[in-house]
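Asks: Before anything else, here's the structure in question.
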Amino acid sequence: MALGVALVAGLIADGRAAALPVLGFVLAACGAWAAFAQGWTATRLGPGNAVTIARLALVSLLLAPLVSPGLTTGASGWALFALALGCLALDGLDGALARRSGLAGPWGARFDMEVDSAFGLILAAVAWRSGAAGPWVLLLGSMRYVFLLAMLVWPWLGAPLPERLRRKVICVVQIAALALLLMPIASAWTSAAALIALGLLAGSFAADILWLARRR
């Protein structure tokens, strides 16, 4: 959180860059609440959802480089990289807190997943906008949204999937690879790591689509 506060302080001088993260967080928070409010069953917000909301606020700060690409270089670039790593580290905390408080449920799990998806998409967009990777990196950040669009054509893709540790591990690999691209010293090896992550992610989606196709 301290990293986020420090980054905001550095963005105040640039009105556009300072306004976009705030707007992004407000829109994302409102959208998440509107989308999932009907499934809310808990008696209180709980520490797990509170951490997820904090992650959403921190993730929204990563929107700033989309309007000010210069933020991805020098000290501000390292601050963005550290912020991305901090958001990734917090990803394992919200679920543990929700289970410990007895408030774990499908709403919180879905909220966490949507924040992860937005996190990946924003990281990919920043990596592309900064020149750290080519347009192909957008697929690494948007594959879940492509899958959701495919559900409009093939509704059977929306059937429930069984829990798989594979998805969680590959999600961490995906975000970590995208975060590496934010390093000001990103080079060919970081792009190679992102390409490997893209292959793993594509294989995971292919496995799930095959499972759904056999049982439609």
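Chain labels follow the order of the structure tokens: the first chain is A, the next B, and so on; residue numbering restarts at 1 in every chain, and ligands are counted from 1 in their shown order.
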So which residues touch Arg55 of chain A within 12 Å, counting only C-alpha atoms, skipping near sequence neighbours fewer than 3 positions away, as a ChimeraX atom specification?
Replies: /A:1,4,25,28-29,48-52,58-62,83-94,111-116,118-119
Asks: Contacts of Leu138 of chain A at 9 Å or less, counting only C-alpha atoms, minus same-chain residues fewer than 2 places along, as a list in words?
Replies: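 Once the nearby chain positions are removed, what remains is Leu121, Leu123, Ala124, Ala125, Ala127, Trp128, Gly134, Pro135, Trp136, Leu140, Gly141, Ser142 and Met143 of chain A.
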Asks: Just the residues within 10 Å of Leu71 of chain A, please, counting only C-alpha atoms, with nothing from its chain fewer than 2 positions along; format it as an mmCIF file with N, CA, C and O atoms, in the first residue's frame.
Replies:
```
data_model
loop_
_atom_site.group_PDB
_atom_site.id
_atom_site.type_symbol
_atom_site.label_atom_id
_atom_site.label_comp_id
_atom_site.auth_asym_id
_atom_site.auth_seq_id
_atom_site.Cartn_x
_atom_site.Cartn_y
_atom_site.Cartn_z
ATOM 1 N N LEU A 7 3.567 6.165 -5.318
ATOM 2 C CA LEU A 7 3.392 6.342 -6.753
ATOM 3 C C LEU A 7 2.373 7.429 -7.048
ATOM 4 O O LEU A 7 2.559 8.255 -7.938
ATOM 5 N N GLY A 10 3.856 10.753 -6.780
ATOM 6 C CA GLY A 10 4.667 11.084 -7.936
ATOM 7 C C GLY A 10 3.855 11.420 -9.171
ATOM 8 O O GLY A 10 4.351 12.072 -10.082
ATOM 9 N N LEU A 11 2.583 10.991 -9.209
ATOM 10 C CA LEU A 11 1.748 11.212 -10.391
ATOM 11 C C LEU A 11 0.983 12.529 -10.343
ATOM 12 O O LEU A 11 0.419 12.953 -11.333
ATOM 13 N N ALA A 17 -2.364 11.460 -15.779
ATOM 14 C CA ALA A 17 -1.906 10.211 -15.190
ATOM 15 C C ALA A 17 -2.482 10.008 -13.796
ATOM 16 O O ALA A 17 -2.723 8.887 -13.375
ATOM 17 N N LEU A 62 -1.824 1.099 -12.055
ATOM 18 C CA LEU A 62 -1.045 0.690 -13.225
ATOM 19 C C LEU A 62 -1.645 1.198 -14.533
ATOM 20 O O LEU A 62 -1.060 1.008 -15.601
ATOM 21 N N ALA A 64 -1.925 4.330 -15.093
ATOM 22 C CA ALA A 64 -1.251 5.598 -15.359
ATOM 23 C C ALA A 64 -0.275 5.540 -16.535
ATOM 24 O O ALA A 64 -0.249 6.457 -17.368
ATOM 25 N N PRO A 65 0.560 4.478 -16.660
ATOM 26 C CA PRO A 65 1.504 4.447 -17.787
ATOM 27 C C PRO A 65 0.840 4.376 -19.159
ATOM 28 O O PRO A 65 1.501 4.609 -20.175
ATOM 29 N N LEU A 66 -0.451 4.050 -19.203
ATOM 30 C CA LEU A 66 -1.131 3.989 -20.494
ATOM 31 C C LEU A 66 -1.283 5.379 -21.102
ATOM 32 O O LEU A 66 -1.371 5.523 -22.320
ATOM 33 N N VAL A 67 -1.328 6.422 -20.246
ATOM 34 C CA VAL A 67 -1.408 7.788 -20.768
ATOM 35 C C VAL A 67 -0.067 8.508 -20.648
ATOM 36 O O VAL A 67 0.137 9.539 -21.273
ATOM 37 N N SER A 68 0.835 7.960 -19.826
ATOM 38 C CA SER A 68 2.169 8.550 -19.667
ATOM 39 C C SER A 68 3.218 7.446 -19.736
ATOM 40 O O SER A 68 3.716 6.979 -18.711
ATOM 41 N N PRO A 69 3.555 6.966 -20.951
ATOM 42 C CA PRO A 69 4.497 5.849 -21.095
ATOM 43 C C PRO A 69 5.854 6.107 -20.453
ATOM 44 O O PRO A 69 6.574 5.167 -20.113
ATOM 45 N N THR A 73 9.998 4.120 -17.184
ATOM 46 C CA THR A 73 11.459 4.192 -17.200
ATOM 47 C C THR A 73 11.978 4.774 -15.895
ATOM 48 O O THR A 73 11.235 5.426 -15.152
ATOM 49 N N GLY A 74 13.238 4.513 -15.605
ATOM 50 C CA GLY A 74 13.875 5.102 -14.430
ATOM 51 C C GLY A 74 13.253 4.663 -13.114
ATOM 52 O O GLY A 74 12.727 3.552 -12.984
ATOM 53 N N ALA A 75 13.278 5.575 -12.143
ATOM 54 C CA ALA A 75 12.788 5.269 -10.799
ATOM 55 C C ALA A 75 11.298 4.940 -10.792
ATOM 56 O O ALA A 75 10.852 4.032 -10.085
ATOM 57 N N SER A 76 10.503 5.684 -11.592
ATOM 58 C CA SER A 76 9.063 5.409 -11.627
ATOM 59 C C SER A 76 8.793 4.035 -12.230
ATOM 60 O O SER A 76 7.840 3.344 -11.828
ATOM 61 N N GLY A 77 9.639 3.609 -13.172
ATOM 62 C CA GLY A 77 9.486 2.270 -13.750
ATOM 63 C C GLY A 77 9.713 1.185 -12.713
ATOM 64 O O GLY A 77 8.979 0.193 -12.657
ATOM 65 N N TRP A 78 10.731 1.373 -11.894
ATOM 66 C CA TRP A 78 10.983 0.401 -10.828
ATOM 67 C C TRP A 78 9.867 0.417 -9.791
ATOM 68 O O TRP A 78 9.524 -0.629 -9.216
ATOM 69 N N ALA A 79 9.286 1.603 -9.541
ATOM 70 C CA ALA A 79 8.168 1.691 -8.599
ATOM 71 C C ALA A 79 6.959 0.916 -9.134
ATOM 72 O O ALA A 79 6.275 0.208 -8.388
ATOM 73 N N LEU A 80 6.705 1.031 -10.439
ATOM 74 C CA LEU A 80 5.607 0.281 -11.055
ATOM 75 C C LEU A 80 5.858 -1.222 -10.981
ATOM 76 O O LEU A 80 4.943 -2.004 -10.709
ATOM 77 N N SER A 130 4.536 0.448 -23.566
ATOM 78 C CA SER A 130 5.888 0.895 -23.238
ATOM 79 C C SER A 130 6.929 0.375 -24.232
ATOM 80 O O SER A 130 8.085 0.792 -24.183
ATOM 81 N N PRO A 184 12.421 -1.765 -15.962
ATOM 82 C CA PRO A 184 13.088 -0.869 -16.918
ATOM 83 C C PRO A 184 14.219 -1.531 -17.689
ATOM 84 O O PRO A 184 14.615 -1.043 -18.744
#
```
Asks: Could you check which of A:Ala159, A:Ala194, A:Ile175, A:Ala98 is closest to Ile122 of chain A, using only C-alpha atoms?
Replies: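 The answer is A:Ile175, which sits nearest to Ile122 of chain A.
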Asks: So that I can check the surroundings of Ala197 of chain A, please list as a PyMOL selection string every protein, DNA and RNA residue that reaches within 7 Å of it, counting only C-alpha atoms and ignoring chain neighbours fewer than 3 positions away.
Replies: chain A and resi 173-174+177+193-194+200-201
Asks: Please identify all polymer residues within 8 Å of Phe81 of chain A, counting only C-alpha atoms, omitting same-chain residues fewer than 6 positions from it, and present them as a compact mmCIF listing (two decimals) with all heavy atoms, in the first residue's frame.
Replies:
```
# COMPACT_ATOMS: atom_id res chain seq x y z
N ALA A 179 4.63 -9.01 -15.15
CA ALA A 179 5.28 -8.05 -14.25
C ALA A 179 6.74 -7.87 -14.62
O ALA A 179 7.27 -6.75 -14.56
CB ALA A 179 5.14 -8.51 -12.80
N LEU A 180 7.41 -8.95 -15.01
CA LEU A 180 8.82 -8.86 -15.39
C LEU A 180 9.02 -7.91 -16.57
O LEU A 180 10.05 -7.25 -16.68
CB LEU A 180 9.36 -10.24 -15.74
CG LEU A 180 9.59 -11.20 -14.57
CD1 LEU A 180 10.00 -12.58 -15.09
CD2 LEU A 180 10.65 -10.66 -13.62
N LEU A 182 7.65 -5.20 -16.99
CA LEU A 182 7.60 -3.81 -16.54
C LEU A 182 8.95 -3.32 -16.03
O LEU A 182 9.13 -2.12 -15.80
CB LEU A 182 6.56 -3.65 -15.42
CG LEU A 182 5.17 -3.18 -15.86
CD1 LEU A 182 4.55 -4.17 -16.82
CD2 LEU A 182 4.27 -2.98 -14.65
N MET A 183 9.89 -4.23 -15.83
CA MET A 183 11.21 -3.80 -15.37
C MET A 183 11.85 -2.88 -16.40
O MET A 183 11.84 -3.20 -17.60
CB MET A 183 12.12 -5.02 -15.12
CG MET A 183 11.76 -5.86 -13.92
SD MET A 183 13.11 -6.98 -13.46
CE MET A 183 13.36 -7.88 -14.99
```
Asks: Kindly give the distance, in Å, that separates atom CA of Ala109 of chain A and atom CA of Ile170 of chain A, rounded to a single decimal.
Replies: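 Interatomic distance here is 16.7 Å.
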